[in-house]
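J.: To start, I am sharing the structure in question, which I have written as structure tokens.
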Amino acid sequence: MTSPRSLVGWLLLVFLLLGSFPRANALPAFARKYGLRCSACHEAWPMLNYFGQKFKDNGYQLMNDRDAPIWQNPTYWPVTFRITPFWHRESSDKVSVDTPSGTGLRQITSSGFDLTGLDFHTGGTLEKNLSFYVLPSSDAFASFHFETVMGRLDNLFGSSWLNLKFGKFELDNLVSEKRILTLTSISGVYQTYHFLPQGDNNIFGQIGDNQLGVEVMGHSADDRTRYSAALLSSTDGNVNLPYSANAYSGFFAASQAFDAGKLGVQRIGAYAMIGQASTIYFTQSGSGVPVPIPGSGIGNKSFSREGFVGQFYFGKLDFQVVTQHGEDNAWFGAGYGDAPDGGPNGAGVTLPVGSRAPKWNGYMVETHYVYSPQLIFIQRSEWERMSQQALATDASDLGNIDMYTIGYRYMPIMTSRAGFAWHNEYSWIRQRGTAPDGSDLTSSSLLLGFDFDF
């Protein structure tokens, strides 16, 4: 059996071997078009820096004569595949298991080799000021869905203040979950963007998920002042209107960057998601069990998410900060909302006595130390705190989350043809009062893997 000391030795050997590869250059899809180095657009792949954000805001254009496809090399194809094989260890400290005397609790831990799904990115310009992005994405079993499908009209009437996006796209968050640097089962999403109180069944306010709708956005010529406003179907990005054909949400964001001298460009911003979504559904009982009818949702109720964002740079050290307040209507807090996938349903129901609107606050700080364009160290802390439970009888801290992660990404290769990262990360999370016995539930995840695109 390999000892822990031997395992560490092998990992150090791999790290040293990776360090012998040539220096990184650029993300493949757009590097092949413009010949830019990766550090031109990325603080660390896939996270954008200030110039990369400006390139994205311009509709994946440099605003020169090379933007139009007619001037591109005939062999250029704007495509990138991304997949991550890895080893991981998952552990949860209190899992309900069958015992000879009934049911008990025990820690469940598993480890082994695995892989993620496949992302197939393609994007760019159809003509100058007419851009697109398509991302078919699969899970680890090759079951595909469309994560992003959008077209965009850029610089309408010759102004950078007016751009129109239509389709399925990421919300205009300064701190982008789609360009997140962490990969474990715990930290692969931002808890603050997805948190829901215990018993709450409102899936429609998931800020980290791509949404279906239309967006107007604009920015100053130097991209320091930005705004966006989006009208979205309240479906959490799901197609074919499975919930209601008459429920919409709005997402609004604005930010301002300023020059801090030697520290570089800092940015602060705010966002708000305000919407309504169905809480109850008409049903059919052909099999004797009432089944919600897709698209029949009624009883629209409100929800909101408001947040402040900061991106602060201090030489090689930088911080991303998010604070968010969330509030759902009492109907969502009582378990109504996502009936097609489970939960109460049926017209004519009434709200349980004593139900209240759940309210909570989220906080996130992510720290990056960019040792070099090839090596970045990552730390993130997130805290979710309930300020009002859906039921007054629930403990005030029920569902509260503490999450911490540390790791690094070493990127020895990022040429105009391929990118490669050696990723190592550990995450830990605790949620108050959610174990089967009502105590705190704690889980951890350790991941070591190769993250590559080509």
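Every chain in the structure tokens has a letter given in the order shown (A, B, ...), and although residue numbers restart at 1 in each chain, ligands are simply numbered from 1 in the order shown.
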Return as an MDAnalysis selection string the full set of residues in region 178-416 of chain A whose backbone-based DSSP assignment is strand (DSSP E or B).
T.: chainID A and resid 211:219 225:233 244 248:259 265:277 280 283:284 291:292 296 298 301:314 317:328 355 359:372 375:388 391 401:414
J.: Pull C-alpha atoms from the residues just selected and write them as a short mmCIF file (atom, residue, chain, number, x, y, z; two decimals), in the first residue's frame.
T.:
```cif
data_model
loop_
_atom_site.label_atom_id
_atom_site.label_comp_id
_atom_site.auth_asym_id
_atom_site.auth_seq_id
_atom_site.Cartn_x
_atom_site.Cartn_y
_atom_site.Cartn_z
CA GLN A 211 -31.50 32.32 -17.91
CA LEU A 212 -33.76 32.68 -20.94
CA GLY A 213 -34.65 36.20 -21.98
CA VAL A 214 -33.48 39.45 -23.51
CA GLU A 215 -30.87 41.85 -22.17
CA VAL A 216 -29.94 45.44 -22.93
CA MET A 217 -26.47 46.45 -21.76
CA GLY A 218 -24.11 49.33 -22.34
CA HIS A 219 -20.76 50.70 -21.29
CA THR A 225 -19.06 52.45 -16.42
CA ARG A 226 -21.40 49.54 -17.14
CA TYR A 227 -25.12 48.86 -16.89
CA SER A 228 -27.48 46.06 -17.90
CA ALA A 229 -31.18 45.28 -17.69
CA ALA A 230 -32.68 41.89 -18.56
CA LEU A 231 -36.24 40.57 -18.87
CA LEU A 232 -36.34 36.83 -18.15
CA SER A 233 -38.84 34.02 -18.20
CA SER A 244 -45.93 29.15 -16.26
CA TYR A 248 -41.28 37.07 -15.68
CA SER A 249 -38.30 38.33 -13.72
CA GLY A 250 -35.97 41.27 -14.15
CA PHE A 251 -32.24 41.44 -13.51
CA PHE A 252 -30.50 44.81 -13.24
CA ALA A 253 -26.81 45.55 -12.71
CA ALA A 254 -24.51 48.56 -12.76
CA SER A 255 -20.85 49.05 -11.87
CA GLN A 256 -18.16 51.68 -11.87
CA ALA A 257 -14.41 51.20 -12.11
CA PHE A 258 -11.84 53.73 -10.95
CA ASP A 259 -8.10 54.08 -11.18
CA VAL A 265 -8.29 49.56 -11.70
CA GLN A 266 -10.80 48.72 -8.96
CA ARG A 267 -14.53 48.12 -9.54
CA ILE A 268 -17.64 48.31 -7.40
CA GLY A 269 -21.19 47.48 -8.42
CA ALA A 270 -24.70 46.50 -7.44
CA TYR A 271 -27.36 44.18 -8.82
CA ALA A 272 -30.98 43.23 -8.21
CA MET A 273 -33.18 40.36 -9.33
CA ILE A 274 -36.88 41.07 -8.88
CA GLY A 275 -39.54 38.70 -10.14
CA GLN A 276 -42.63 36.61 -9.82
CA ALA A 277 -43.15 32.90 -10.33
CA ILE A 280 -49.47 26.27 -7.52
CA THR A 283 -53.28 18.92 -12.08
CA GLN A 284 -54.42 15.76 -13.86
CA VAL A 291 -49.79 15.37 -11.51
CA PRO A 292 -48.99 19.04 -12.24
CA SER A 296 -50.28 25.63 -15.99
CA ILE A 298 -50.79 30.15 -11.42
CA LYS A 301 -45.75 35.32 -5.98
CA SER A 302 -42.80 37.66 -5.64
CA PHE A 303 -39.14 37.18 -4.76
CA SER A 304 -36.06 39.40 -4.77
CA ARG A 305 -32.27 39.30 -4.52
CA GLU A 306 -30.17 42.46 -4.07
CA GLY A 307 -26.41 42.52 -3.87
CA PHE A 308 -23.26 44.60 -3.83
CA VAL A 309 -20.03 43.52 -5.52
CA GLY A 310 -16.42 44.65 -5.30
CA GLN A 311 -13.25 43.70 -7.18
CA PHE A 312 -10.15 45.05 -5.44
CA TYR A 313 -6.52 44.65 -6.54
CA PHE A 314 -3.36 45.07 -4.45
CA LEU A 317 -3.25 39.95 -4.35
CA ASP A 318 -6.89 40.61 -5.20
CA PHE A 319 -10.29 40.16 -3.58
CA GLN A 320 -13.78 39.53 -4.94
CA VAL A 321 -16.48 40.50 -2.46
CA VAL A 322 -20.23 39.83 -2.72
CA THR A 323 -22.96 40.65 -0.21
CA GLN A 324 -26.56 39.73 -0.98
CA HIS A 325 -29.98 40.02 0.65
CA GLY A 326 -32.69 37.56 -0.34
CA GLU A 327 -36.41 37.44 0.33
CA ASP A 328 -39.13 35.04 -0.87
CA SER A 355 -46.27 31.09 7.35
CA LYS A 359 -35.33 36.46 4.58
CA TRP A 360 -31.59 35.96 4.63
CA ASN A 361 -28.20 37.57 3.95
CA GLY A 362 -25.19 36.11 2.17
CA TYR A 363 -21.52 37.09 2.27
CA MET A 364 -18.65 35.93 0.09
CA VAL A 365 -14.95 36.81 -0.02
CA GLU A 366 -12.70 35.15 -2.60
CA THR A 367 -8.96 35.85 -2.47
CA HIS A 368 -6.48 35.26 -5.29
CA TYR A 369 -2.72 35.45 -5.10
CA VAL A 370 -1.38 35.53 -8.66
CA TYR A 371 2.19 34.34 -8.20
CA SER A 372 2.64 34.38 -11.98
CA LEU A 375 0.19 29.90 -10.96
CA ILE A 376 -2.67 31.23 -8.84
CA PHE A 377 -3.56 30.43 -5.22
CA ILE A 378 -7.24 30.59 -4.27
CA GLN A 379 -9.16 30.98 -1.02
CA ARG A 380 -12.90 31.50 -0.62
CA SER A 381 -15.17 31.93 2.39
CA GLU A 382 -18.97 32.11 2.25
CA TRP A 383 -21.49 32.64 5.00
CA GLU A 384 -25.28 32.44 4.63
CA ARG A 385 -27.36 33.75 7.52
CA MET A 386 -31.12 33.60 8.03
CA SER A 387 -32.71 36.79 9.34
CA GLN A 388 -36.31 35.48 9.32
CA LEU A 391 -41.90 29.46 10.51
CA ILE A 401 -24.06 27.86 5.97
CA ASP A 402 -20.32 28.23 6.56
CA MET A 403 -18.18 27.26 3.56
CA TYR A 404 -14.40 27.46 3.13
CA THR A 405 -12.15 26.38 0.28
CA ILE A 406 -8.43 26.60 -0.51
CA GLY A 407 -6.52 25.52 -3.58
CA TYR A 408 -4.33 26.43 -6.50
CA ARG A 409 -4.27 26.20 -10.28
CA TYR A 410 -0.99 25.69 -12.10
CA MET A 411 -1.26 26.38 -15.84
CA PRO A 412 1.92 25.33 -17.66
CA ILE A 413 0.23 25.30 -21.08
CA MET A 414 -2.14 27.77 -22.67
#
```
J.: Could you pull out the alpha helix (DSSP H) residues of region 58-289 of chain A, going by DSSP on the backbone, and write them as JSON, numbers by chain?
T.: {"A": [191, 192, 193, 194]}
J.: Which value, in Å to one decimal, gives the distance between CA of Asn49 (chain A) and CA of His121 (chain A)?
T.: 19.4 Å
J.: Report, in Å with one decimal, the straight-line distance from CA of Asn201 (chain A) to CA of Asp440 (chain A).
T.: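 So the answer is 21.2 Å.
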J.: So which residues touch Pro436 (chain A) within 10 Å, counting only C-alpha atoms, skipping near sequence neighbours fewer than 2 positions away, as a ChimeraX atom specification?
T.: /A:94-96,104-105,433-434,438-441
